[in-house]
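Quick look at upload.csv (CSV, C-alpha atoms):
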chain,number,residue,atom,x,y,z
A,1,MET,CA,23.3,-50.7,35.0
A,2,SER,CA,21.2,-50.4,38.2
A,3,GLU,CA,23.9,-48.4,39.8
A,4,HIS,CA,22.7,-45.4,37.8
A,5,PRO,CA,19.7,-43.9,39.5
A,6,VAL,CA,17.4,-41.6,37.6
A,7,PRO,CA,18.7,-38.1,38.0
A,8,PRO,CA,16.3,-36.7,40.5
A,9,ASP,CA,15.9,-33.1,39.5
A,10,GLU,CA,14.0,-32.3,36.4
A,11,THR,CA,15.8,-29.1,35.6
A,12,PRO,CA,14.6,-27.0,32.7
A,13,ASP,CA,17.8,-27.6,30.9
A,14,LEU,CA,17.3,-31.4,31.0
A,15,LEU,CA,13.6,-31.1,30.1
A,16,ILE,CA,14.5,-29.0,27.1
A,17,ALA,CA,17.0,-31.6,25.9
A,18,GLU,CA,14.4,-34.4,26.4
A,19,TYR,CA,11.8,-32.3,24.6
A,20,VAL,CA,14.0,-31.8,21.5
A,21,LEU,CA,15.1,-35.4,21.5
A,22,GLY,CA,11.4,-36.3,21.5
A,23,VAL,CA,11.2,-38.8,24.5
A,24,LEU,CA,8.6,-36.9,26.5
A,25,SER,CA,4.9,-37.9,26.6
A,26,ARG,CA,2.3,-35.6,25.1
A,27,GLU,CA,1.4,-34.1,28.5
A,28,GLU,CA,5.0,-33.5,29.3
A,29,CYS,CA,5.6,-31.8,25.9
A,30,ASP,CA,2.7,-29.5,26.6
A,31,ARG,CA,4.2,-28.5,29.9
A,32,VAL,CA,7.6,-27.9,28.4
A,33,GLU,CA,6.1,-25.9,25.5
A,34,ALA,CA,4.4,-23.7,28.0
A,35,MET,CA,7.6,-23.2,29.9
A,36,ILE,CA,9.5,-22.4,26.8
A,37,ALA,CA,7.0,-19.9,25.6
A,38,ARG,CA,7.6,-17.7,28.7
A,39,GLU,CA,11.3,-17.6,28.6
A,40,PRO,CA,13.6,-16.4,25.7
A,41,ARG,CA,16.6,-18.2,27.3
A,42,HIS,CA,14.8,-21.5,26.9
A,43,GLN,CA,13.8,-20.7,23.3
A,44,ARG,CA,17.5,-20.2,22.6
A,45,ALA,CA,18.3,-23.5,24.2
A,46,VAL,CA,15.7,-25.3,22.2
A,47,ALA,CA,17.1,-23.8,19.0
A,48,GLN,CA,20.6,-24.8,19.9
A,49,TRP,CA,19.6,-28.4,20.6
A,50,GLN,CA,17.6,-28.5,17.4
A,51,ALA,CA,20.6,-27.2,15.4
A,52,GLN,CA,22.7,-30.0,16.9
A,53,PHE,CA,20.2,-32.7,16.1
A,54,ALA,CA,19.6,-31.3,12.7
A,55,GLU,CA,23.0,-32.8,11.9
A,56,TRP,CA,21.4,-36.2,12.3
A,57,LEU,CA,18.3,-35.3,10.3
A,58,GLY,CA,20.7,-34.3,7.5
A,59,GLN,CA,22.1,-37.8,7.5
A,60,LEU,CA,18.7,-39.3,6.5
A,61,PRO,CA,18.7,-40.0,2.7
A,62,ALA,CA,16.7,-37.4,0.7
A,63,SER,CA,13.9,-38.6,-1.4
A,64,SER,CA,12.0,-36.7,-4.1
A,65,PRO,CA,8.4,-36.2,-3.1
A,66,PRO,CA,5.6,-37.4,-5.5
A,67,ALA,CA,5.3,-35.2,-8.5
A,68,GLY,CA,1.9,-33.8,-7.6
A,69,ALA,CA,2.8,-32.9,-4.0
A,70,TRP,CA,3.5,-29.3,-4.7
A,71,ALA,CA,0.3,-28.9,-6.7
A,72,ARG,CA,-1.6,-30.3,-3.7
A,73,ILE,CA,0.1,-27.9,-1.3
A,74,GLU,CA,-0.7,-25.0,-3.6
A,75,GLN,CA,-4.2,-26.2,-3.9
A,76,ARG,CA,-4.7,-26.3,-0.1
A,77,LEU,CA,-2.9,-23.0,0.4
A,78,PHE,CA,-4.1,-20.8,-2.3
A,79,VAL,CA,-7.2,-22.3,-3.8
A,80,ASP,CA,-9.3,-24.1,-1.3
A,81,THR,CA,-9.6,-21.5,1.4
A,82,SER,CA,-11.8,-18.4,1.2
A,83,HIS,CA,-9.2,-16.6,3.3
A,84,PRO,CA,-5.9,-17.1,1.5
A,85,PRO,CA,-3.1,-17.7,3.9
A,86,SER,CA,-1.0,-15.4,1.8
A,87,GLN,CA,-2.6,-12.6,3.7
A,88,ALA,CA,-1.5,-14.2,7.0
A,89,PRO,CA,0.8,-12.0,9.0
A,90,GLY,CA,4.1,-13.6,9.8
A,91,TRP,CA,7.7,-13.6,9.1
A,92,TRP,CA,7.3,-13.8,5.4
A,93,ASN,CA,5.5,-10.4,5.5
A,94,SER,CA,6.6,-9.0,8.8
A,95,LEU,CA,10.2,-8.9,7.9
A,96,GLY,CA,9.5,-7.7,4.5
A,97,LEU,CA,11.3,-10.8,3.3
A,98,TRP,CA,9.9,-11.1,-0.1
A,99,ARG,CA,9.5,-7.4,-0.7
A,100,TRP,CA,13.3,-7.3,-0.6
A,101,THR,CA,13.5,-4.4,1.7
A,102,THR,CA,15.7,-6.9,3.4
A,103,ALA,CA,17.0,-8.6,0.2
A,104,ALA,CA,20.1,-10.0,1.9
A,105,LEU,CA,18.0,-11.8,4.4
A,106,ALA,CA,15.9,-13.5,1.7
A,107,ALA,CA,19.0,-14.4,-0.2
A,108,GLY,CA,20.2,-15.8,3.1
A,109,LEU,CA,17.2,-18.0,3.5
A,110,LEU,CA,17.5,-19.5,0.1
A,111,ALA,CA,21.2,-19.8,0.6
A,112,SER,CA,21.0,-21.4,4.1
A,113,VAL,CA,18.6,-23.9,2.6
A,114,LEU,CA,20.9,-24.6,-0.3
A,115,ILE,CA,24.1,-24.8,1.7
A,116,LEU,CA,22.7,-27.5,3.9
A,117,GLN,CA,21.7,-29.6,0.9
A,118,PRO,CA,24.0,-32.5,0.5
A,119,PRO,CA,26.0,-32.8,-2.7
A,120,VAL,CA,23.6,-34.0,-5.4
A,121,SER,CA,25.6,-37.0,-6.5
A,122,GLY,CA,28.9,-38.2,-7.8
A,123,PRO,CA,32.4,-37.2,-6.9
A,124,SER,CA,32.5,-34.3,-9.4
A,125,SER,CA,29.8,-32.4,-7.5
A,126,VAL,CA,31.6,-33.0,-4.3
A,127,SER,CA,34.8,-31.6,-5.6
A,128,THR,CA,33.3,-28.5,-7.3
A,129,SER,CA,30.8,-27.9,-4.5
A,130,GLY,CA,31.2,-25.1,-2.1
A,131,LEU,CA,29.1,-22.3,-1.0
A,132,PRO,CA,26.3,-21.6,-3.4
A,133,LEU,CA,26.8,-18.5,-5.5
A,134,LEU,CA,24.2,-15.8,-5.5
A,135,ALA,CA,23.4,-12.7,-7.5
A,136,ARG,CA,20.9,-9.9,-6.9
A,137,LEU,CA,19.9,-8.5,-10.2
A,138,GLU,CA,18.9,-4.9,-9.9
A,139,GLN,CA,17.1,-2.6,-12.2
A,140,PRO,CA,18.8,0.7,-13.1
A,141,ASP,CA,16.8,2.4,-10.2
A,142,GLY,CA,18.4,0.0,-7.7
A,143,THR,CA,15.3,-2.2,-7.0
A,144,THR,CA,15.9,-5.9,-7.1
A,145,LEU,CA,14.2,-7.7,-9.9
A,146,PHE,CA,15.6,-11.2,-9.6
A,147,ALA,CA,17.4,-13.2,-7.0
A,148,ALA,CA,19.6,-15.8,-8.7
A,149,THR,CA,21.0,-18.8,-6.9
A,150,ILE,CA,23.6,-21.0,-8.6
A,151,ASP,CA,23.5,-24.5,-7.4
A,152,PRO,CA,26.8,-25.7,-5.9
A,153,GLY,CA,27.4,-28.1,-8.8
A,154,ARG,CA,26.9,-25.2,-11.2
A,155,ARG,CA,24.5,-27.1,-13.3
A,156,SER,CA,21.6,-24.7,-13.0
A,157,VAL,CA,20.7,-21.2,-12.0
A,158,LEU,CA,17.5,-20.5,-10.2
A,159,PHE,CA,15.9,-17.1,-11.0
A,160,VAL,CA,13.3,-15.9,-8.5
A,161,ASN,CA,11.5,-12.7,-9.6
A,162,THR,CA,11.0,-10.4,-6.7
A,163,ALA,CA,8.9,-7.8,-8.4
A,164,ARG,CA,6.5,-7.9,-11.3
A,165,ALA,CA,8.4,-9.1,-14.3
A,166,ASP,CA,6.5,-9.2,-17.6
A,167,TRP,CA,7.1,-7.5,-20.8
A,168,PRO,CA,4.3,-8.0,-23.4
A,169,GLY,CA,5.5,-8.8,-26.8
A,170,LYS,CA,9.1,-9.3,-25.6
A,171,SER,CA,11.0,-12.0,-23.9
A,172,ALA,CA,13.5,-11.7,-21.1
A,173,GLU,CA,16.8,-13.4,-21.7
A,174,ALA,CA,19.4,-14.2,-19.1
A,175,TRP,CA,23.1,-13.8,-19.7
A,176,VAL,CA,26.3,-14.5,-18.0
A,177,ILE,CA,29.1,-12.0,-18.6
A,178,ALA,CA,32.5,-13.4,-17.5
A,179,ALA,CA,35.9,-11.6,-17.3
A,180,ASP,CA,36.3,-11.5,-21.1
A,181,GLY,CA,33.2,-9.2,-21.2
A,182,LYS,CA,31.4,-11.4,-23.7
A,183,PRO,CA,27.7,-12.1,-22.9
A,184,ARG,CA,26.6,-15.7,-23.2
A,185,SER,CA,23.0,-16.7,-23.1
A,186,LEU,CA,21.6,-18.8,-20.3
A,187,GLY,CA,18.1,-18.9,-21.7
A,188,LEU,CA,14.7,-17.3,-21.6
A,189,LEU,CA,12.9,-16.4,-18.4
A,190,PRO,CA,9.2,-16.8,-18.2
A,191,ALA,CA,7.0,-13.8,-17.2
A,192,ASN,CA,6.3,-13.5,-13.5
A,193,ALA,CA,7.5,-16.9,-12.5
A,194,SER,CA,10.6,-18.4,-11.0
A,195,ALA,CA,12.6,-20.5,-13.4
A,196,THR,CA,15.5,-22.9,-13.2
A,197,LEU,CA,17.8,-22.6,-16.2
A,198,ASN,CA,20.1,-25.5,-16.9
A,199,VAL,CA,23.7,-24.7,-17.7
A,200,THR,CA,25.8,-26.4,-20.3
A,201,PRO,CA,29.2,-27.7,-19.1
A,202,GLN,CA,30.9,-25.0,-21.2
A,203,LEU,CA,29.1,-22.2,-19.4
A,204,ALA,CA,29.4,-23.8,-15.9
A,205,ASP,CA,33.0,-22.5,-15.4
A,206,LEU,CA,31.9,-19.0,-16.2
A,207,LEU,CA,29.5,-18.9,-13.3
A,208,ALA,CA,32.1,-17.8,-10.8
A,209,SER,CA,32.3,-15.1,-8.2
A,210,GLY,CA,32.8,-11.8,-9.9
A,211,ALA,CA,31.0,-12.6,-13.2
A,212,VAL,CA,27.8,-10.7,-13.9
A,213,LEU,CA,24.3,-12.0,-14.6
A,214,ALA,CA,22.1,-9.8,-16.7
A,215,VAL,CA,18.6,-9.9,-18.1
A,216,THR,CA,17.8,-8.1,-21.4
A,217,LEU,CA,14.6,-7.7,-23.4
A,218,GLU,CA,14.7,-9.5,-26.7
A,219,PRO,CA,12.3,-10.5,-29.4
A,220,PRO,CA,9.7,-13.2,-28.4
A,221,ASN,CA,12.0,-16.1,-29.1
A,222,GLY,CA,15.1,-14.6,-27.8
A,223,SER,CA,18.0,-12.8,-29.4
A,224,PRO,CA,18.3,-13.9,-33.0
A,225,SER,CA,22.0,-13.2,-33.1
A,226,GLY,CA,23.1,-14.9,-29.9
A,227,GLN,CA,24.2,-11.6,-28.6
A,228,PRO,CA,22.0,-9.2,-26.5
A,229,THR,CA,20.1,-6.7,-28.7
A,230,GLY,CA,17.7,-5.1,-26.3
A,231,PRO,CA,17.9,-3.0,-23.1
A,232,VAL,CA,19.4,-4.4,-19.9
A,233,VAL,CA,16.5,-4.6,-17.4
A,234,ALA,CA,18.5,-5.9,-14.5
A,235,GLN,CA,22.0,-7.0,-13.7
A,236,GLY,CA,24.1,-8.0,-10.7
A,237,LYS,CA,27.4,-9.5,-9.8
A,238,ILE,CA,27.8,-13.1,-8.7
A,239,SER,CA,29.1,-13.5,-5.2
A,240,SER,CA,29.5,-16.2,-2.6
A,241,LEU,CA,28.1,-15.6,0.8
B,1,MET,CA,-0.5,-5.9,-2.2
B,2,GLN,CA,-1.5,-8.5,-4.8
B,3,ALA,CA,1.9,-8.4,-6.3
B,4,CYS,CA,3.5,-8.9,-2.9
B,5,GLY,CA,1.3,-11.9,-2.2
B,6,ASN,CA,2.3,-13.3,-5.6
B,7,GLY,CA,5.9,-12.7,-4.9
B,8,ASN,CA,5.6,-14.6,-1.6
B,9,ARG,CA,4.1,-17.4,-3.4
B,10,VAL,CA,6.8,-17.7,-6.0
B,11,ALA,CA,9.5,-17.4,-3.4
B,12,PHE,CA,7.8,-20.1,-1.3
B,13,GLU,CA,7.8,-22.4,-4.3
B,14,ALA,CA,11.5,-21.8,-4.7
B,15,VAL,CA,11.9,-22.8,-1.0
B,16,TYR,CA,9.8,-25.9,-1.7
B,17,ARG,CA,12.0,-26.8,-4.7
B,18,ALA,CA,15.1,-26.4,-2.7
B,19,THR,CA,14.0,-28.3,0.5
B,20,SER,CA,11.3,-30.8,-0.3
B,21,SER,CA,13.4,-33.8,-1.1
B,22,ARG,CA,15.3,-33.4,2.2
B,23,LEU,CA,12.1,-33.0,4.1
B,24,PHE,CA,10.4,-35.8,2.3
B,25,GLY,CA,13.3,-38.1,3.3
B,26,ILE,CA,12.7,-37.1,6.9
B,27,CYS,CA,8.9,-37.7,6.6
B,28,LEU,CA,9.5,-41.1,5.0
B,29,HIS,CA,11.8,-42.1,7.8
B,30,TYR,CA,9.3,-41.2,10.6
B,31,SER,CA,6.2,-42.3,8.8
B,32,ASP,CA,4.6,-45.7,8.3
B,33,ASN,CA,4.3,-45.4,4.5
B,34,ARG,CA,4.6,-43.1,1.6
B,35,ALA,CA,1.0,-41.9,1.7
B,36,GLU,CA,1.4,-40.9,5.4
B,37,ALA,CA,4.7,-39.2,4.6
B,38,GLU,CA,3.2,-37.2,1.8
B,39,GLU,CA,0.4,-36.1,4.0
B,40,VAL,CA,3.0,-35.0,6.6
B,41,LEU,CA,5.0,-33.2,3.9
B,42,GLN,CA,2.0,-31.2,2.9
B,43,GLU,CA,1.2,-30.3,6.5
B,44,VAL,CA,4.8,-29.1,7.0
B,45,TYR,CA,4.7,-26.7,4.1
B,46,ILE,CA,1.3,-25.4,5.0
B,47,MET,CA,2.4,-24.9,8.6
B,48,ALA,CA,5.6,-23.2,7.3
B,49,TRP,CA,3.5,-20.8,5.3
B,50,VAL,CA,0.9,-20.0,7.9
B,51,LYS,CA,3.1,-20.1,11.0
B,52,ALA,CA,6.2,-18.5,9.4
B,53,SER,CA,6.3,-16.0,12.2
B,54,GLY,CA,7.5,-18.8,14.4
B,55,PHE,CA,10.7,-18.9,12.5
B,56,ASP,CA,13.4,-16.6,13.9
B,57,PRO,CA,16.4,-16.4,11.6
B,58,ARG,CA,18.5,-15.2,14.6
B,59,LEU,CA,18.0,-18.6,16.3
B,60,GLY,CA,18.7,-21.0,13.5
B,61,SER,CA,18.7,-21.8,9.9
B,62,ALA,CA,15.5,-22.2,7.8
B,63,MET,CA,16.6,-25.8,7.0
B,64,THR,CA,16.8,-26.7,10.7
B,65,TRP,CA,13.4,-25.1,11.3
B,66,LEU,CA,11.8,-27.0,8.5
B,67,SER,CA,13.5,-30.3,9.2
B,68,THR,CA,12.6,-30.2,12.9
B,69,MET,CA,9.0,-29.4,12.0
B,70,ALA,CA,8.9,-32.3,9.6
B,71,ARG,CA,10.2,-34.7,12.3
B,72,HIS,CA,7.8,-33.4,14.9
B,73,LYS,CA,4.8,-33.6,12.6
B,74,ALA,CA,5.6,-37.1,11.4
B,75,ILE,CA,6.1,-38.3,15.0
B,76,ASP,CA,2.9,-36.6,16.2
B,77,ARG,CA,0.9,-38.2,13.4
B,78,ARG,CA,2.3,-41.6,14.1
B,79,ARG,CA,1.6,-41.3,17.8
B,80,ALA,CA,-1.9,-40.1,17.1
B,81,HIS,CA,-2.5,-43.3,15.1
B,82,ARG,CA,-1.0,-45.4,17.8
B,83,HIS,CA,0.7,-47.5,15.2
B,84,HIS,CA,3.9,-49.3,15.9
B,85,ASP,CA,6.4,-50.5,13.4
B,86,PRO,CA,7.8,-54.0,13.9
B,87,LEU,CA,11.3,-53.5,15.4
B,88,GLU,CA,13.1,-55.1,12.4
B,89,THR,CA,12.1,-52.3,10.1
B,90,ILE,CA,13.7,-49.5,12.1
B,91,PRO,CA,16.8,-48.5,10.4
B,92,GLU,CA,20.1,-48.0,12.1
B,93,ALA,CA,21.2,-44.6,11.0
B,94,ALA,CA,24.8,-45.9,10.9
B,95,SER,CA,24.0,-48.4,8.2
B,96,GLN,CA,21.7,-46.3,6.2
B,97,ASP,CA,23.7,-44.2,3.9
B,98,SER,CA,27.3,-45.2,3.3
B,99,LEU,CA,28.0,-42.0,1.3
B,100,VAL,CA,26.9,-39.8,4.2
B,101,ASP,CA,28.8,-42.0,6.7
B,102,THR,CA,31.9,-41.8,4.6
B,103,LEU,CA,31.7,-38.0,4.3
B,104,GLU,CA,31.0,-37.9,8.1
B,105,ARG,CA,34.1,-39.9,8.9
B,106,GLU,CA,36.2,-37.8,6.6
B,107,GLN,CA,35.0,-34.6,8.3
B,108,GLN,CA,35.7,-36.4,11.6
B,109,GLY,CA,32.0,-36.2,12.5
B,110,SER,CA,29.9,-33.3,13.7
B,111,GLN,CA,30.3,-31.8,17.1
B,112,LEU,CA,27.3,-33.8,18.2
B,113,ASP,CA,28.9,-37.1,17.1
B,114,ARG,CA,32.2,-36.2,18.7
B,115,CYS,CA,30.5,-35.5,22.0
B,116,LEU,CA,28.4,-38.6,21.7
B,117,GLU,CA,31.7,-40.6,21.6
B,118,THR,CA,32.4,-39.4,25.1
B,119,LEU,CA,29.3,-41.1,26.6
B,120,GLU,CA,29.0,-44.6,27.9
B,121,GLU,CA,27.8,-47.1,25.3
B,122,ALA,CA,24.3,-47.5,26.5
B,123,GLN,CA,23.8,-43.8,26.8
B,124,ARG,CA,25.1,-43.3,23.3
B,125,ARG,CA,23.1,-46.1,21.8
B,126,TYR,CA,19.8,-45.1,23.3
B,127,ILE,CA,20.1,-41.4,22.6
B,128,ARG,CA,20.6,-42.3,18.9
B,129,VAL,CA,17.8,-44.9,19.0
B,130,ALA,CA,15.5,-42.4,20.7
B,131,PHE,CA,16.2,-39.8,18.0
B,132,PHE,CA,15.9,-41.9,15.0
B,133,GLU,CA,13.0,-44.0,16.2
B,134,GLY,CA,11.1,-41.0,17.6
B,135,TYR,CA,9.5,-42.8,20.5
B,136,SER,CA,8.8,-41.7,24.1
B,137,TYR,CA,10.6,-43.1,27.1
B,138,ALA,CA,7.7,-45.5,27.8
B,139,GLU,CA,7.6,-46.7,24.2
B,140,LEU,CA,11.3,-47.1,24.0
B,141,ALA,CA,11.5,-49.1,27.2
B,142,GLU,CA,8.7,-51.4,26.1
B,143,ARG,CA,10.1,-51.9,22.5
B,144,HIS,CA,13.6,-52.6,23.7
B,145,GLY,CA,12.7,-54.7,26.8
B,146,ILE,CA,14.5,-52.4,29.2
B,147,ALA,CA,13.1,-51.1,32.5
B,148,LEU,CA,11.6,-47.7,32.2
B,149,GLY,CA,13.8,-46.3,35.0
B,150,THR,CA,16.9,-47.6,33.4
B,151,MET,CA,16.0,-46.2,30.0
B,152,LYS,CA,15.3,-42.8,31.5
B,153,SER,CA,18.5,-42.9,33.5
B,154,TRP,CA,20.7,-43.7,30.5
B,155,ILE,CA,19.2,-41.1,28.3
B,156,ARG,CA,19.1,-38.3,30.9
B,157,ARG,CA,22.6,-38.9,32.0
B,158,GLY,CA,23.7,-39.0,28.4
B,159,LEU,CA,21.9,-35.8,27.6
B,160,LEU,CA,23.4,-34.0,30.6
B,161,ARG,CA,26.9,-35.0,29.5
B,162,LEU,CA,26.1,-34.0,25.9
B,163,ARG,CA,25.0,-30.7,27.1
B,164,LEU,CA,28.2,-30.0,28.9
B,165,CYS,CA,30.3,-31.3,26.0
B,166,LEU,CA,28.4,-29.1,23.5
B,167,GLY,CA,28.6,-26.1,25.7
B,168,LEU,CA,24.8,-25.6,25.7

What is this file in structure tokens?
Amino acid sequence: MSEHPVPPDETPDLLIAEYVLGVLSREECDRVEAMIAREPRHQRAVAQWQAQFAEWLGQLPASSPPAGAWARIEQRLFVDTSHPPSQAPGWWNSLGLWRWTTAALAAGLLASVLILQPPVSGPSSVSTSGLPLLARLEQPDGTTLFAATIDPGRRSVLFVNTARADWPGKSAEAWVIAADGKPRSLGLLPANASATLNVTPQLADLLASGAVLAVTLEPPNGSPSGQPTGPVVAQGKISSL
Amino acid sequence: MQACGNGNRVAFEAVYRATSSRLFGICLHYSDNRAEAEEVLQEVYIMAWVKASGFDPRLGSAMTWLSTMARHKAIDRRRAHRHHDPLETIPEAASQDSLVDTLEREQQGSQLDRCLETLEEAQRRYIRVAFFEGYSYAELAERHGIALGTMKSWIRRGLLRLRLCLGL
């Protein structure tokens, strides 16, 4: 043991590894952060180490946060402050992320987040899991109205509206249209809000690459016939990344 | 402008829904109790919103960025409180989640784990311990009854070898 002397030179490379591992004192961390801030090469090294160690963070068991946690975050972000942070400059705005001028990037964020989620539970979700499936539902003029993400187990579809989406006096109904061309209802989408629609086992198999997701306008409680009756406001093909 | 802000908010909620149980798991691991962990979780998402410009999608995934931030925040908070867990409660990652371990073994481990296998035992052990406990060199040495110089030597030599193996 004592035949291993402490490596004498504190090279930037070693300091960066120690920094990411988290063994440095507060003062040393400050020094390393200052060093990193000046040098893009170091920033890349930090990111590479973090990506490696993220494997280990991914091994920690997930745990649902308390039910009110999101409400408290919303409260602190959007209600408490007189200067809403939603106006803060940053990546969310600077890259136009949520305006969908770079729709693929936003889909990529949600996707990268979903890919790295471990299988939910049980062997069936392991066997059917794979890359999450995505769809960008566009209006006839080509603007994206919803980003849809299908969870790897195909139990639910998350619809995030990316533009104003409300139709007074109407309801928006989501459909999946598989190879047979027959629309099947996934459920109603709320106005101007993201929604997770649960999928019945019979419909799960239809949520495959190449199938189409569409949203139509229907009477307030949805299509009475079980088939779409109103205009298609947005549609898009399902694809994996 | 308003609609844009609202869109951000909805998308941010979607990111929260997709990531919060993973992040809360990390917060719990590095915090002393659930109340502390929830406080850290809130801070992480508030930071993520406000300091989102610090995220560069060219450098890494959003999940890595958020997970790393959760670990740092939790460790920072614990250090600020100068509170130390009794040693017995520190989980060994290897014994923590058999499903994950099984999957890991089936996939023959990550690149990091494969490289870790090439280190001497003490190096391997204390790099893992350092990561999962989240303590500084001085704290690790004290908690494990090992001379500070020896602890530093093990971890530094291990990190240098890991770096070569990982090609960083």

If we count all atoms listed in the file and set the cut-off at 9 Å, which residues sit around Thr118 in chain B, ignoring sequence neighbours fewer than 4 positions away in its own chain? Please answer as a list in words.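 The residues that qualify are Arg114, Arg124, Arg161, Leu162 and Cys165 of chain B.
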
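For Glu36 in chain B, the residues within 10 Å (counting only C-alpha atoms, excluding itself and residues fewer than 3 positions away along the chain) are Cys27, Leu28, Tyr30, Ser31, Asp32, Asn33, Glu39, Val40, Leu41, Ala74, Arg77 and Arg78 of chain B.
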
Gln43 in chain A surroundings by all atoms listed in the file, 9 Å radius, close-in-sequence under 6 positions cut, as a compact mmCIF listing (two decimals) with C-alpha atoms, keeping the file's coordinate frame:
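The result, written out as selection-v8.txt:
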# COMPACT_ATOMS: atom_id res chain seq x y z
CA ILE A 36 9.50 -22.40 26.80
CA ALA A 37 7.00 -19.90 25.60
CA LEU B 59 18.00 -18.60 16.30

Using Å and a single decimal, report how far CA of Tyr16 in chain B sits from CA of Leu186 in chain A.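 Distance reported for this atom pair: 23.1 Å.
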
Write out as a ChimeraX atom specification each polymer residue whose atoms come within 8 Å of range 205-210 of chain A, counting only C-alpha atoms; drop sequence neighbours fewer than 4 positions from it. /A:133,150,154,176-178,201,237-240

Nearest to Ile46 in chain B: which of A:Trp70, A:Phe159, A:Val46, A:Glu18 is it, counting all atoms listed in the file?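 The closest residue to Ile46 in chain B is A:Trp70.
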
Please return, as a ChimeraX atom specification, all polymer residues that have at least one atom within 10 Å of the point (12.9, -31.5, 27.3); use all atoms listed in the file and the file's own coordinate frame. /A:10-24,28-29,31-33,36,46,49 /B:156,159

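Shortest atom-to-atom contact with chain A among B:Glu142, B:Met63, B:Asp76, B:Tyr126: B:Met63, counting all atoms listed in the file.
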
Counting all atoms listed in the file, the option among A:Gln202, A:Ser25, A:Ser185, A:Asn192 closest to Leu140 in chain B: A:Ser25

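Taking CA of Gln42 in chain B and CA of Arg72 in chain A as endpoints, the distance between them is 7.6 Å.
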
Length of the CA of Arg79 in chain B to CA of Glu133 in chain B vector [Å]: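 Pair CA of Arg79 in chain B / CA of Glu133 in chain B returns 11.8 Å.
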
Residue contacts of Ala147 in chain B (10 Å, all atoms listed in the file) excluding same-chain residues fewer than 5 positions away, as a short mmCIF file (atom, residue, chain, number, x, y, z; two decimals) with C-alpha atoms, in the frame of the given file:
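The new file selection15.cif reads:
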data_model
loop_
_atom_site.label_atom_id
_atom_site.label_comp_id
_atom_site.auth_asym_id
_atom_site.auth_seq_id
_atom_site.Cartn_x
_atom_site.Cartn_y
_atom_site.Cartn_z
CA SER A 2 21.20 -50.40 38.20
CA TYR B 137 10.60 -43.10 27.10
CA ALA B 138 7.70 -45.50 27.80
CA LEU B 140 11.30 -47.10 24.00
CA ALA B 141 11.50 -49.10 27.20
CA GLU B 142 8.70 -51.40 26.10
CA LYS B 152 15.30 -42.80 31.50
CA SER B 153 18.50 -42.90 33.50
#

Given all atoms listed in the file as the counted atoms, nearest of A:Pro224, A:Pro168, A:Pro40, A:Gly153 to chain B: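 Selected residue with least distance to chain B: A:Pro40.
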
Selected residue of minimal separation from Leu203 in chain A among A:Glu138, A:Ala165, A:Pro183, A:Pro61, counting only C-alpha atoms: A:Pro183

Pick the closest to Leu213 in chain A from A:Leu158, A:Ala174, A:Ala179, A:Ala147: which is it, counting all atoms listed in the file? A:Ala174

Sphere at (20.1, -7.4, -18.2), radius 6 Å, counting only C-alpha atoms: residues as JSON, numbers by chain: {"A": [214, 215, 216, 232, 233, 234, 235]}

For range 132-141 of chain B, which lacks atoms in the input, supply N, CA and C atoms and format the output as a tab-separated table (two decimals), in the coordinates of the input.
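The new file out-v4.tsv reads:
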chain	number	residue	atom	x	y	z
B	132	PHE	N	16.30	-41.43	16.30
B	132	PHE	CA	15.90	-41.90	15.00
B	132	PHE	C	14.62	-42.74	14.99
B	133	GLU	N	14.25	-43.30	16.15
B	133	GLU	CA	13.00	-44.00	16.20
B	133	GLU	C	11.83	-42.99	16.51
B	134	GLY	N	12.13	-41.98	17.29
B	134	GLY	CA	11.10	-41.00	17.60
B	134	GLY	C	10.05	-41.47	18.56
B	135	TYR	N	10.46	-42.27	19.54
B	135	TYR	CA	9.50	-42.80	20.50
B	135	TYR	C	9.73	-42.16	21.89
B	136	SER	N	8.67	-42.21	22.71
B	136	SER	CA	8.80	-41.70	24.10
B	136	SER	C	9.51	-42.68	24.96
B	137	TYR	N	9.89	-42.22	26.15
B	137	TYR	CA	10.60	-43.10	27.10
B	137	TYR	C	9.81	-44.41	27.29
B	138	ALA	N	8.49	-44.31	27.53
B	138	ALA	CA	7.70	-45.50	27.80
B	138	ALA	C	7.72	-46.47	26.63
B	139	GLU	N	7.58	-45.90	25.43
B	139	GLU	CA	7.60	-46.70	24.20
B	139	GLU	C	8.93	-47.38	23.99
B	140	LEU	N	9.97	-46.60	24.20
B	140	LEU	CA	11.30	-47.10	24.00
B	140	LEU	C	11.60	-48.28	24.96
B	141	ALA	N	11.23	-48.08	26.23
B	141	ALA	CA	11.50	-49.10	27.20
B	141	ALA	C	10.77	-50.40	26.84
